[in-house]
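Q: Here you go, entry_16.txt (compact mmCIF, C-alpha atoms and all ligand atoms):
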# COMPACT_ATOMS: atom_id res chain seq x y z
CA MET A 1 0.00 0.00 0.00
CA ASN A 2 1.45 3.41 -0.91
CA SER A 3 1.29 6.39 1.44
CA LEU A 4 -1.76 7.94 -0.29
CA GLU A 5 -3.72 4.70 -0.02
CA LEU A 6 -2.67 4.37 3.62
CA ALA A 7 -3.80 7.94 4.37
CA SER A 8 -7.20 7.38 2.78
CA GLU A 9 -7.62 4.04 4.59
CA ILE A 10 -6.84 5.79 7.89
CA GLU A 11 -9.24 8.64 7.12
CA ALA A 12 -12.15 6.34 6.27
CA PHE A 13 -11.50 4.24 9.38
CA THR A 14 -11.12 7.16 11.77
CA ASP A 15 -14.37 8.66 10.42
CA SER A 16 -16.30 5.65 11.65
CA VAL A 17 -14.31 5.54 14.90
CA ARG A 18 -15.13 9.21 15.51
CA ARG A 19 -18.84 8.64 14.91
CA PHE A 20 -18.88 5.67 17.29
CA THR A 21 -16.97 7.63 19.94
CA LEU A 22 -19.20 10.70 19.67
CA GLU A 23 -22.38 8.63 19.82
CA ARG A 24 -21.49 5.99 22.38
CA ILE A 25 -18.63 7.24 24.59
CA ALA A 26 -18.67 11.03 24.88
CA PRO A 27 -22.31 11.38 26.08
CA ASN A 28 -22.02 8.50 28.57
CA ALA A 29 -18.53 8.93 30.00
CA GLY A 30 -19.77 10.87 33.06
CA GLU A 31 -22.39 8.23 33.88
CA TRP A 32 -19.80 5.45 33.53
CA ASP A 33 -17.39 7.37 35.77
CA ALA A 34 -20.10 7.45 38.43
CA ALA A 35 -20.80 3.73 37.93
CA GLY A 36 -17.08 2.91 38.18
CA GLU A 37 -17.24 0.72 35.08
CA ILE A 38 -18.27 0.63 31.44
CA PRO A 39 -21.20 -1.53 30.30
CA ARG A 40 -20.44 -5.00 28.97
CA ALA A 41 -22.40 -4.03 25.85
CA LEU A 42 -19.67 -1.55 24.91
CA TYR A 43 -17.18 -4.40 24.45
CA HIS A 44 -19.59 -6.09 22.04
CA GLU A 45 -20.21 -2.87 20.12
CA ALA A 46 -16.49 -2.08 19.83
CA ALA A 47 -15.83 -5.66 18.76
CA ALA A 48 -18.55 -5.49 16.09
CA LEU A 49 -16.82 -2.42 14.63
CA GLY A 50 -13.54 -4.34 14.60
CA LEU A 51 -11.88 -2.09 17.19
CA LEU A 52 -10.98 -4.79 19.69
CA GLY A 53 -9.45 -7.10 17.09
CA LEU A 54 -7.34 -4.47 15.39
CA GLY A 55 -3.77 -5.73 14.98
CA TYR A 56 -4.58 -9.41 15.73
CA PRO A 57 -4.45 -12.26 13.19
CA GLU A 58 -7.59 -13.24 11.31
CA ASP A 59 -7.51 -16.85 12.47
CA LEU A 60 -7.97 -15.62 16.04
CA GLY A 61 -10.84 -13.30 15.09
CA GLY A 62 -8.82 -10.15 14.53
CA THR A 63 -7.90 -7.82 11.68
CA PRO A 64 -4.20 -7.31 10.98
CA ALA A 65 -3.43 -3.58 11.04
CA SER A 66 -0.45 -1.26 10.97
CA PHE A 67 0.62 0.73 14.02
CA ALA A 68 -0.36 3.79 11.97
CA LEU A 69 -3.98 2.64 11.87
CA ARG A 70 -4.03 1.50 15.49
CA ASN A 71 -2.54 4.76 16.74
CA ALA A 72 -4.98 6.77 14.61
CA MET A 73 -7.79 4.91 16.38
CA SER A 74 -6.30 5.71 19.83
CA VAL A 75 -5.86 9.40 19.00
CA THR A 76 -9.42 9.66 17.63
CA MET A 77 -11.09 7.87 20.54
CA SER A 78 -9.16 9.95 23.07
CA ARG A 79 -9.87 13.23 21.31
CA TYR A 80 -13.60 12.73 20.81
CA GLY A 81 -14.35 10.55 23.83
CA GLY A 82 -12.25 12.49 26.35
CA SER A 83 -12.17 9.58 28.82
CA GLY A 84 -9.04 7.64 29.64
CA GLY A 85 -10.97 5.43 32.03
CA VAL A 86 -13.23 4.17 29.26
CA LEU A 87 -10.31 3.44 26.96
CA ALA A 88 -8.17 1.84 29.67
CA SER A 89 -11.00 -0.61 30.41
CA LEU A 90 -12.10 -1.27 26.86
CA PHE A 91 -8.57 -1.88 25.66
CA SER A 92 -6.98 -3.66 28.63
CA LEU A 93 -6.89 -6.61 26.21
CA ASN A 94 -4.05 -4.86 24.41
CA ILE A 95 -1.76 -5.32 27.41
CA GLY A 96 -3.15 -8.68 28.52
CA LEU A 97 -3.22 -10.53 25.20
CA PRO A 98 0.05 -9.73 23.36
CA PRO A 99 2.16 -12.04 25.57
CA VAL A 100 -0.27 -14.89 24.80
CA LEU A 101 -0.31 -14.00 21.10
CA ARG A 102 3.46 -13.98 20.80
CA HIS A 103 4.52 -16.65 23.24
CA GLY A 104 1.51 -18.81 24.12
CA SER A 105 0.94 -22.23 22.54
CA ALA A 106 -1.49 -22.40 19.59
CA ALA A 107 -4.03 -24.16 21.84
CA LEU A 108 -3.76 -21.47 24.52
CA GLN A 109 -4.17 -18.72 21.93
CA GLN A 110 -7.38 -20.35 20.67
CA GLU A 111 -8.66 -20.83 24.21
CA VAL A 112 -8.05 -17.23 25.30
CA ILE A 113 -7.90 -14.77 22.41
CA PRO A 114 -10.98 -15.08 20.12
CA ALA A 115 -13.59 -14.63 22.87
CA VAL A 116 -11.81 -11.48 24.06
CA LEU A 117 -11.61 -10.01 20.55
CA HIS A 118 -15.35 -10.72 20.14
CA GLY A 119 -16.06 -8.71 23.30
CA GLU A 120 -17.37 -11.73 25.19
CA LYS A 121 -14.50 -11.96 27.68
CA ILE A 122 -12.24 -9.37 29.30
CA ALA A 123 -8.44 -9.63 29.52
CA ALA A 124 -6.06 -7.89 31.93
CA LEU A 125 -2.35 -7.78 32.74
CA ALA A 126 -1.03 -8.09 36.29
CA ILE A 127 2.59 -7.21 36.94
CA THR A 128 2.62 -4.52 39.64
CA GLU A 129 2.75 -5.65 43.28
CA PRO A 130 2.32 -3.84 46.60
CA GLY A 131 6.12 -3.95 46.95
CA GLY A 132 6.64 -2.04 43.70
CA GLY A 133 5.93 -1.72 40.00
CA SER A 134 8.93 -0.03 38.41
CA ASP A 135 11.38 -2.73 39.48
CA VAL A 136 9.82 -5.59 37.53
CA ALA A 137 12.73 -7.92 38.31
CA ALA A 138 11.68 -7.79 41.98
CA VAL A 139 8.33 -9.59 41.43
CA ARG A 140 7.55 -11.70 44.52
CA THR A 141 4.38 -13.57 43.55
CA THR A 142 5.40 -17.22 43.19
CA ALA A 143 4.19 -20.09 41.03
CA ARG A 144 5.33 -23.49 42.27
CA ARG A 145 5.09 -26.47 39.94
CA ASP A 146 3.03 -29.33 41.36
CA GLY A 147 2.55 -32.16 38.83
CA ASP A 148 0.54 -30.81 35.91
CA GLU A 149 -0.28 -27.58 37.69
CA TYR A 150 1.26 -24.42 39.08
CA VAL A 151 0.24 -23.12 42.48
CA ILE A 152 0.29 -19.32 42.72
CA GLU A 153 0.76 -17.31 45.92
CA GLY A 154 1.04 -13.54 46.11
CA GLU A 155 -0.58 -10.18 45.46
CA LYS A 156 -0.96 -7.70 42.61
CA VAL A 157 -2.14 -4.07 42.80
CA PHE A 158 -3.53 -1.36 40.53
CA ILE A 159 -4.73 -3.90 37.96
CA THR A 160 -6.87 -2.36 35.21
CA SER A 161 -10.04 -4.40 34.55
CA GLY A 162 -8.90 -6.52 37.48
CA MET A 163 -12.37 -6.81 39.01
CA ARG A 164 -14.01 -8.20 35.91
CA ALA A 165 -11.25 -9.83 33.88
CA ASP A 166 -11.98 -13.35 32.67
CA TRP A 167 -8.31 -13.88 31.82
CA ILE A 168 -5.43 -12.30 33.72
CA THR A 169 -1.89 -12.52 32.35
CA VAL A 170 0.21 -12.60 35.51
CA ALA A 171 3.92 -12.14 36.16
CA VAL A 172 5.13 -14.77 38.63
CA ARG A 173 8.38 -16.09 40.02
CA THR A 174 8.90 -19.74 39.10
CA GLY A 175 11.61 -22.22 39.97
CA GLU A 176 13.46 -22.50 43.24
CA PRO A 177 12.56 -20.02 45.99
CA SER A 178 16.11 -18.74 45.64
CA SER A 179 15.65 -17.75 41.97
CA LYS A 180 16.01 -14.01 42.29
CA GLY A 181 16.06 -11.24 39.69
CA ALA A 182 14.85 -11.06 36.13
CA GLY A 183 15.78 -14.65 35.25
CA GLY A 184 13.24 -16.21 37.63
CA ILE A 185 10.17 -14.48 36.18
CA SER A 186 7.56 -16.25 34.06
CA MET A 187 4.19 -15.32 32.60
CA MET A 188 1.03 -17.29 33.17
CA VAL A 189 -2.65 -16.84 32.36
CA VAL A 190 -5.09 -17.20 35.21
CA PRO A 191 -8.85 -17.54 34.71
CA GLY A 192 -10.81 -14.89 36.58
CA ASP A 193 -12.92 -17.53 38.31
CA ALA A 194 -9.95 -19.55 39.63
CA LYS A 195 -10.39 -20.82 43.19
CA GLY A 196 -8.23 -18.88 45.65
CA LEU A 197 -8.24 -15.66 43.59
CA SER A 198 -9.84 -12.74 45.43
CA ARG A 199 -10.23 -9.21 44.17
CA SER A 200 -11.06 -5.86 45.71
CA ARG A 201 -11.81 -2.56 44.02
CA LEU A 202 -9.52 0.45 44.55
CA ASP A 203 -10.67 4.11 44.66
CA LYS A 204 -8.66 6.59 42.65
CA MET A 205 -8.21 10.14 41.37
CA GLY A 206 -9.12 9.54 37.73
CA TRP A 207 -9.87 6.79 35.21
CA LEU A 208 -13.07 6.42 37.23
CA ALA A 209 -14.86 4.42 34.54
CA SER A 210 -12.14 1.81 34.69
CA ASP A 211 -12.18 -0.74 37.48
CA THR A 212 -8.81 -1.02 39.19
CA ALA A 213 -8.23 -3.95 41.50
CA HIS A 214 -6.07 -5.45 44.18
CA LEU A 215 -5.69 -9.18 43.52
CA ARG A 216 -4.77 -11.90 46.03
CA PHE A 217 -3.64 -15.34 44.96
CA ASP A 218 -4.02 -17.86 47.78
CA GLY A 219 -2.96 -21.25 46.48
CA VAL A 220 -4.47 -20.59 43.03
CA ARG A 221 -4.00 -23.69 40.88
CA VAL A 222 -3.70 -23.36 37.11
CA PRO A 223 -2.86 -26.06 34.55
CA ALA A 224 0.80 -26.06 33.47
CA ARG A 225 -0.36 -25.42 29.89
CA TYR A 226 -1.31 -21.88 31.02
CA LEU A 227 2.38 -20.99 31.21
CA VAL A 228 3.09 -18.36 28.50
CA GLY A 229 6.45 -18.99 26.83
CA ASP A 230 9.21 -20.77 28.71
CA GLU A 231 9.82 -20.70 32.43
CA GLY A 232 12.14 -17.79 33.16
CA ALA A 233 11.30 -15.94 29.90
CA GLY A 234 8.84 -13.58 31.61
CA PHE A 235 11.05 -10.54 32.03
CA LYS A 236 11.81 -10.29 28.31
CA ILE A 237 8.15 -10.83 27.45
CA ILE A 238 7.12 -8.03 29.83
CA MET A 239 9.72 -5.61 28.49
CA SER A 240 8.72 -6.14 24.86
CA ASN A 241 5.03 -5.85 25.78
CA PHE A 242 5.76 -2.44 27.33
CA ASN A 243 6.92 -1.01 24.00
CA GLY A 244 3.51 -1.44 22.38
CA GLU A 245 1.74 -0.17 25.49
CA ARG A 246 3.90 2.96 25.66
CA LEU A 247 3.39 3.76 21.99
CA ALA A 248 -0.39 3.41 22.40
CA MET A 249 -0.30 5.60 25.53
CA SER A 250 1.61 8.26 23.58
CA ALA A 251 -1.14 8.26 20.94
CA MET A 252 -3.83 8.47 23.62
CA ALA A 253 -2.06 11.36 25.37
CA LEU A 254 -1.94 13.26 22.08
CA GLY A 255 -5.69 12.76 21.60
CA PHE A 256 -6.42 14.01 25.13
CA ALA A 257 -4.25 17.09 24.54
CA GLN A 258 -6.26 17.79 21.39
CA ALA A 259 -9.52 17.33 23.30
CA CYS A 260 -8.37 20.00 25.77
CA TYR A 261 -7.39 22.33 22.96
CA ASP A 262 -10.75 21.83 21.20
CA GLU A 263 -12.69 22.55 24.39
CA ALA A 264 -10.56 25.56 25.34
CA LEU A 265 -10.87 27.09 21.86
CA ASP A 266 -14.61 26.53 21.78
CA TRP A 267 -15.00 28.15 25.20
CA ALA A 268 -12.66 31.02 24.36
CA ARG A 269 -14.77 31.85 21.29
CA GLN A 270 -18.06 31.83 23.21
CA ARG A 271 -17.08 33.35 26.55
CA LYS A 272 -17.14 37.13 26.76
CA THR A 273 -15.34 39.13 29.45
CA PHE A 274 -14.79 42.86 29.57
CA GLY A 275 -16.76 43.32 26.37
CA SER A 276 -15.05 40.83 24.07
CA ALA A 277 -14.57 37.10 23.57
CA LEU A 278 -11.74 35.46 25.52
CA VAL A 279 -10.13 34.45 22.25
CA GLU A 280 -9.62 38.16 21.47
CA LYS A 281 -7.31 38.50 24.47
CA GLN A 282 -3.66 38.13 23.60
CA VAL A 283 -2.89 36.13 26.75
CA VAL A 284 -5.55 33.56 25.84
CA ARG A 285 -4.50 33.43 22.19
CA HIS A 286 -0.92 32.79 23.30
CA LYS A 287 -2.09 30.00 25.56
CA LEU A 288 -3.86 28.36 22.61
CA VAL A 289 -0.77 28.74 20.43
CA ASP A 290 1.41 27.23 23.18
CA MET A 291 -0.96 24.25 23.28
CA GLN A 292 -0.95 23.90 19.50
CA MET A 293 2.86 24.11 19.40
CA ARG A 294 3.18 21.15 21.76
CA ILE A 295 0.41 19.21 20.00
CA ALA A 296 2.09 19.68 16.61
CA SER A 297 5.50 18.51 17.84
CA THR A 298 3.95 15.50 19.58
CA GLU A 299 1.96 14.59 16.47
CA ALA A 300 5.04 14.77 14.25
CA TRP A 301 7.12 12.69 16.66
CA LEU A 302 4.33 10.13 17.06
CA GLN A 303 4.21 9.74 13.27
CA ALA A 304 7.97 9.28 13.08
CA VAL A 305 8.06 6.63 15.83
CA THR A 306 4.98 4.92 14.39
CA ALA A 307 6.82 4.61 11.07
CA LEU A 308 9.75 2.96 12.90
CA ALA A 309 7.32 0.56 14.57
CA ASP A 310 5.71 -0.28 11.22
CA ALA A 311 9.18 -0.93 9.84
CA GLY A 312 9.52 -3.69 12.47
CA LYS A 313 11.89 -1.82 14.77
CA LEU A 314 9.74 -1.56 17.88
CA GLU A 315 11.57 -4.28 19.74
CA SER A 316 14.74 -4.96 17.83
CA ASP A 317 16.15 -1.44 17.55
CA PRO A 318 17.49 0.20 20.74
CA ASN A 319 17.05 3.63 19.17
CA CYS A 320 13.35 2.92 18.54
CA VAL A 321 12.89 1.72 22.14
CA ALA A 322 14.55 4.93 23.37
CA GLN A 323 12.31 7.00 21.07
CA VAL A 324 9.20 5.32 22.47
CA CYS A 325 10.29 6.09 26.06
CA MET A 326 11.04 9.73 25.28
CA LEU A 327 7.88 10.10 23.19
CA LYS A 328 5.75 8.78 26.06
CA ASN A 329 7.22 11.44 28.34
CA HIS A 330 6.83 14.19 25.75
CA SER A 331 3.31 13.22 24.83
CA THR A 332 2.11 13.00 28.43
CA GLN A 333 3.79 16.33 29.22
CA THR A 334 1.91 17.82 26.26
CA MET A 335 -1.30 16.37 27.69
CA GLN A 336 -0.49 17.81 31.11
CA PHE A 337 0.27 21.26 29.68
CA CYS A 338 -2.92 21.29 27.61
CA ALA A 339 -5.11 20.02 30.47
CA ASP A 340 -3.77 22.75 32.74
CA ALA A 341 -4.15 25.48 30.11
CA ALA A 342 -7.66 24.33 29.19
CA VAL A 343 -8.92 24.24 32.79
CA GLN A 344 -7.47 27.72 33.32
CA THR A 345 -9.13 29.01 30.15
CA LEU A 346 -12.49 27.55 31.17
CA GLY A 347 -12.19 29.23 34.58
CA GLY A 348 -14.65 27.92 37.20
CA MET A 349 -16.33 25.80 34.54
CA GLY A 350 -13.06 23.93 34.08
CA PHE A 351 -13.32 22.78 37.69
CA MET A 352 -16.80 21.37 37.16
CA ARG A 353 -17.63 17.76 36.44
CA GLY A 354 -18.96 17.46 32.91
CA THR A 355 -16.17 19.17 31.00
CA LYS A 356 -13.60 16.98 29.25
CA SER A 357 -10.78 19.19 30.50
CA GLU A 358 -11.72 18.58 34.14
CA ARG A 359 -11.61 14.82 33.61
CA ILE A 360 -8.41 14.90 31.60
CA TYR A 361 -6.76 17.11 34.25
CA ARG A 362 -7.46 14.33 36.78
CA GLU A 363 -6.39 11.61 34.38
CA VAL A 364 -3.02 12.92 33.22
CA LYS A 365 -1.05 11.72 36.24
CA VAL A 366 -1.74 8.07 35.60
CA MET A 367 -0.50 8.52 32.04
CA MET A 368 2.81 9.74 33.48
CA ILE A 369 3.06 6.82 35.92
CA GLY A 370 1.35 3.79 34.36
CA GLY A 371 3.12 1.69 31.72
CA GLY A 372 6.46 2.92 33.06
CA ALA A 373 6.85 6.11 35.10
CA GLU A 374 8.57 9.18 33.69
CA GLU A 375 11.80 8.60 35.61
CA ILE A 376 11.95 4.97 34.48
CA MET A 377 11.39 6.06 30.86
CA LYS A 378 14.41 8.37 31.12
CA ASP A 379 16.61 5.68 32.66
CA LEU A 380 15.63 3.19 29.97
CA ALA A 381 16.12 5.71 27.16
CA ALA A 382 19.56 6.58 28.52
CA ARG A 383 20.55 2.89 28.53
CA GLN A 384 19.24 2.30 25.01
CA LEU A 385 21.11 5.36 23.77
CA GLY A 386 24.29 3.98 25.29
CA LEU A 387 24.78 6.97 27.62
C1 LIG A 401 -4.87 3.59 37.43
C2 LIG A 401 -3.71 2.66 37.30
C3 LIG A 401 -3.84 1.54 36.50
C4 LIG A 401 -2.79 0.62 36.42
N1 LIG A 401 -2.94 -0.53 35.67
C5 LIG A 401 -2.01 -1.50 35.76
C6 LIG A 401 -2.23 -2.78 35.15
O1 LIG A 401 -3.22 -3.00 34.47
N2 LIG A 401 -1.29 -3.75 35.32
C7 LIG A 401 -0.15 -3.54 36.05
O2 LIG A 401 0.65 -4.45 36.19
N3 LIG A 401 0.10 -2.34 36.64
C8 LIG A 401 -0.81 -1.32 36.52
N4 LIG A 401 -0.58 -0.11 37.11
C9 LIG A 401 0.64 0.07 37.88
C10 LIG A 401 1.65 0.98 37.23
O3 LIG A 401 2.24 0.35 36.11
C11 LIG A 401 2.68 1.33 38.32
O4 LIG A 401 2.03 2.20 39.23
C12 LIG A 401 3.94 1.96 37.79
O5 LIG A 401 4.68 1.05 37.03
C13 LIG A 401 4.84 2.49 38.92
O6 LIG A 401 5.03 1.52 39.90
P1 LIG A 401 4.74 1.90 41.46
O7 LIG A 401 3.41 2.53 41.54
O8 LIG A 401 4.95 0.68 42.25
O9 LIG A 401 5.80 2.98 41.81
P2 LIG A 401 7.31 2.73 42.29
O10 LIG A 401 7.97 1.74 41.43
O11 LIG A 401 7.29 2.47 43.75
O12 LIG A 401 7.93 4.16 42.01
C14 LIG A 401 7.47 5.32 42.74
C15 LIG A 401 8.13 6.54 42.12
O13 LIG A 401 9.52 6.44 42.22
C16 LIG A 401 10.12 6.56 40.96
N5 LIG A 401 11.27 5.67 40.86
C17 LIG A 401 11.29 4.34 41.03
N6 LIG A 401 12.53 3.86 40.84
C18 LIG A 401 13.30 4.92 40.52
C19 LIG A 401 14.67 5.10 40.18
N7 LIG A 401 15.48 4.04 40.08
N8 LIG A 401 15.13 6.33 39.93
C20 LIG A 401 14.30 7.39 40.00
N9 LIG A 401 12.99 7.31 40.29
C21 LIG A 401 12.50 6.09 40.55
C22 LIG A 401 9.05 6.15 39.96
O14 LIG A 401 9.29 6.70 38.69
C23 LIG A 401 7.82 6.73 40.63
O15 LIG A 401 7.72 8.10 40.32
C24 LIG A 401 -1.59 0.86 37.13
C25 LIG A 401 -1.45 2.02 37.91
C26 LIG A 401 -2.51 2.90 38.01
C27 LIG A 401 -2.33 4.11 38.87
Would you write the structure of this file as structure tokens?
A:
Amino acid sequence: MNSLELASEIEAFTDSVRRFTLERIAPNAGEWDAAGEIPRALYHEAAALGLLGLGYPEDLGGTPASFALRNAMSVTMSRYGGSGGVLASLFSLNIGLPPVLRHGSAALQQEVIPAVLHGEKIAALAITEPGGGSDVAAVRTTARRDGDEYVIEGEKVFITSGMRADWITVAVRTGEPSSKGAGGISMMVVPGDAKGLSRSRLDKMGWLASDTAHLRFDGVRVPARYLVGDEGAGFKIIMSNFNGERLAMSAMALGFAQACYDEALDWARQRKTFGSALVEKQVVRHKLVDMQMRIASTEAWLQAVTALADAGKLESDPNCVAQVCMLKNHSTQTMQFCADAAVQTLGGMGFMRGTKSERIYREVKVMMIGGGAEEIMKDLAARQLGL
């Protein structure tokens, strides 16, 4: 496909994504925030449009797609939906499933993936523990082999879709109790209804429409065939999974920054103070230009890194990995700047529930922490750049 064909494919696709988002997400996001979850029906609707299966193979019920198309979807849904909580829930499959897709056996893939892509089941990823999230090599949850099963003991926190997930891809420590560090980590899928798994809901600042859970594993038994990849391969699987997650988060952060700009501009045109519209004031115009400047640089960088990803460099090329880390920081900083500027421009209205800017202002922090915190992104980029 040449670049013109790609651009027109993306335009046609994002048109339908925008319509879906404006009809189904934007008007309901406040109600779903209050409910603390999105309706199950939304998974089915998104699946019917092909949104959940985007980027997955056809034989598992998906539609192969470039990163360019997938990122365009993320930007569009963020911009016109204005709710990170909705997207975090709806798309938790995109952090839970890739390890299974790349490293699970063919039988495990068939057991887990199609029902999730059809919106019938929910998938989640559980790495973070009460003892820490950044230091993945310090995972303490254990999985002890017992015949044809593993027995899991431990805890996970802050798990998106954790309350409802039917399949949870969990980072565990296998092997001898003495196996410390990155080499002892493995990945395993755990059914949500497994005996010994208990879950409790966590309250939080933003992403209110997304359920976030604390999970306890008390002697949870899973069949050995639920191991994803080899024993001890978990750390590498987790690290490569992060690259896709961070790129998607960068696209989402750009969309949220644009949502703030759109709302601030709209308000600045309508709102009159001291006899003229806010947009006539130089200070306000400058604020809008400052937002647009950051949005434009983020958009250009996202396109450049997306092209690297589509050229197959997302995992193999240290420079690309470094670019993804730096882009995530830049994009979330753009989101933070735009959320702050938009709330300020809206004045008291920006502090009220019901505006996108108010929600995005509360949601930006998790974008700067989840999927690898800002400081960790800098450390990793420095290593990849050979500093
Ligand atoms: C709403 C929400 C949803 C989430 N969803 C999921 C999920 O679905 N699955 C999942 O596994 N996790 C999830 N997380 C967890 C998230 O990935 C972690 O919060 C994140 O990785 C940071 O880990 P931590 O909170 O344990 O912070 P810590 O690792 O304790 O770090 C605390 C702070 O110290 C900084 N820091 C740590 N080490 C260093 C260092 N060496 N140098 C400098 N600074 C350092 C960090 O950058 C951070 O700012 C979610 C979190 C939230 C808030």
Q: Find, counting all atoms listed in the file, the residue in A:Ile159, A:Leu202, A:Ala68, A:Ile237 that gets nearest to ligand LIG 401 (chain A).
A: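 Ranked by minimum distance to ligand LIG 401 (chain A), first place goes to A:Ile159.
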Q: Please compute the CA of Ala115 (chain A)-CA of Arg40 (chain A) distance, one decimal, in Å.
A: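 CA of Ala115 (chain A) sits 13.3 Å away from CA of Arg40 (chain A).
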Q: Here's a test: counting all atoms listed in the file, identify every protein, DNA and RNA residue with an atom at most 10 Å from (5.4, -12.1, 23.1) in the file's coordinate frame, and state them as a list of chain:residue names.
A: A:Leu97, A:Pro98, A:Pro99, A:Val100, A:Leu101, A:Arg102, A:His103, A:Gly104, A:Val228, A:Gly229, A:Ala233, A:Gly234, A:Lys236, A:Ile237, A:Ile238, A:Met239, A:Ser240, A:Asn241
Q: Taking all atoms listed in the file into account, list the residues no farther than 8 Å from ligand LIG 401 (chain A), as a PyMOL selection string.
A: chain A and resi 92+95+124-135+156-162+204+206-207+210+212+366+369-376+379
Q: Using all atoms listed in the file, find each residue in region 219-275 of chain A having at least one atom no more than 12 Å away from region 319-335 of chain A; report its shortest atom-to-atom pair and that distance in Å (one decimal), rows by chain then rising number, as JSON lines.
A:
{"residue": "A:Met239", "atom": "CA", "partner": "A:Val321", "partner_atom": "CA", "distance": 10.2}
{"residue": "A:Ser240", "atom": "CA", "partner": "A:Val321", "partner_atom": "CA", "distance": 9.3}
{"residue": "A:Asn241", "atom": "CA", "partner": "A:Val321", "partner_atom": "CA", "distance": 11.5}
{"residue": "A:Phe242", "atom": "CA", "partner": "A:Cys325", "partner_atom": "CA", "distance": 9.7}
{"residue": "A:Asn243", "atom": "CA", "partner": "A:Val321", "partner_atom": "CA", "distance": 6.8}
{"residue": "A:Gly244", "atom": "CA", "partner": "A:Val324", "partner_atom": "CA", "distance": 8.8}
{"residue": "A:Glu245", "atom": "CA", "partner": "A:Val324", "partner_atom": "CA", "distance": 9.7}
{"residue": "A:Arg246", "atom": "CA", "partner": "A:Lys328", "partner_atom": "CA", "distance": 6.1}
{"residue": "A:Leu247", "atom": "CA", "partner": "A:Val324", "partner_atom": "CA", "distance": 6.0}
{"residue": "A:Ala248", "atom": "CA", "partner": "A:Lys328", "partner_atom": "CA", "distance": 8.9}
{"residue": "A:Met249", "atom": "CA", "partner": "A:Lys328", "partner_atom": "CA", "distance": 6.9}
{"residue": "A:Ser250", "atom": "CA", "partner": "A:Lys328", "partner_atom": "CA", "distance": 4.9}
{"residue": "A:Ala251", "atom": "CA", "partner": "A:Ser331", "partner_atom": "CA", "distance": 7.7}
{"residue": "A:Met252", "atom": "CA", "partner": "A:Ser331", "partner_atom": "CA", "distance": 8.7}
{"residue": "A:Ala253", "atom": "CA", "partner": "A:Thr332", "partner_atom": "CA", "distance": 5.4}
{"residue": "A:Leu254", "atom": "CA", "partner": "A:Ser331", "partner_atom": "CA", "distance": 5.9}
{"residue": "A:Gly255", "atom": "CA", "partner": "A:Met335", "partner_atom": "CA", "distance": 8.3}
{"residue": "A:Phe256", "atom": "CA", "partner": "A:Met335", "partner_atom": "CA", "distance": 6.2}
{"residue": "A:Ala257", "atom": "CA", "partner": "A:Met335", "partner_atom": "CA", "distance": 4.4}
{"residue": "A:Gln258", "atom": "CA", "partner": "A:Met335", "partner_atom": "CA", "distance": 8.1}
{"residue": "A:Ala259", "atom": "CA", "partner": "A:Met335", "partner_atom": "CA", "distance": 9.4}
{"residue": "A:Cys260", "atom": "CA", "partner": "A:Met335", "partner_atom": "CA", "distance": 8.2}
{"residue": "A:Tyr261", "atom": "CA", "partner": "A:Met335", "partner_atom": "CA", "distance": 9.7}
Q: Using Å and a single decimal, report how far CA of Thr63 (chain A) sits from CA of Arg19 (chain A).
A: 20.0 Å
Q: If you count all atoms listed in the file, which residues fall within 10 Å of region 86-89 of chain A, apart from same-chain ones fewer than 3 positions away, as a compact mmCIF listing (two decimals) with C-alpha atoms, in the frame of the given file?
A:
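Just written: result.txt:
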# COMPACT_ATOMS: atom_id res chain seq x y z
CA ILE A 25 -18.63 7.24 24.59
CA ALA A 26 -18.67 11.03 24.88
CA ASN A 28 -22.02 8.50 28.57
CA ALA A 29 -18.53 8.93 30.00
CA TRP A 32 -19.80 5.45 33.53
CA ASP A 33 -17.39 7.37 35.77
CA GLY A 36 -17.08 2.91 38.18
CA GLU A 37 -17.24 0.72 35.08
CA ILE A 38 -18.27 0.63 31.44
CA PRO A 39 -21.20 -1.53 30.30
CA LEU A 42 -19.67 -1.55 24.91
CA TYR A 43 -17.18 -4.40 24.45
CA SER A 74 -6.30 5.71 19.83
CA MET A 77 -11.09 7.87 20.54
CA SER A 78 -9.16 9.95 23.07
CA GLY A 81 -14.35 10.55 23.83
CA GLY A 82 -12.25 12.49 26.35
CA SER A 83 -12.17 9.58 28.82
CA SER A 92 -6.98 -3.66 28.63
CA LEU A 93 -6.89 -6.61 26.21
CA ASN A 94 -4.05 -4.86 24.41
CA ILE A 95 -1.76 -5.32 27.41
CA ILE A 122 -12.24 -9.37 29.30
CA ALA A 123 -8.44 -9.63 29.52
CA ALA A 124 -6.06 -7.89 31.93
CA THR A 160 -6.87 -2.36 35.21
CA SER A 161 -10.04 -4.40 34.55
CA GLY A 162 -8.90 -6.52 37.48
CA ARG A 164 -14.01 -8.20 35.91
CA ALA A 165 -11.25 -9.83 33.88
CA TRP A 207 -9.87 6.79 35.21
CA LEU A 208 -13.07 6.42 37.23
CA ALA A 209 -14.86 4.42 34.54
CA SER A 210 -12.14 1.81 34.69
CA ASP A 211 -12.18 -0.74 37.48
CA THR A 212 -8.81 -1.02 39.19
CA MET A 249 -0.30 5.60 25.53
CA MET A 252 -3.83 8.47 23.62
Q: Give the answer as one residue: which of A:Val189, A:Gly96, A:Met1, A:Leu385 has the shortest atom-to-atom distance to Leu108 (chain A), using only C-alpha atoms?
A: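 Smallest distance to Leu108 (chain A) is found for A:Val189.
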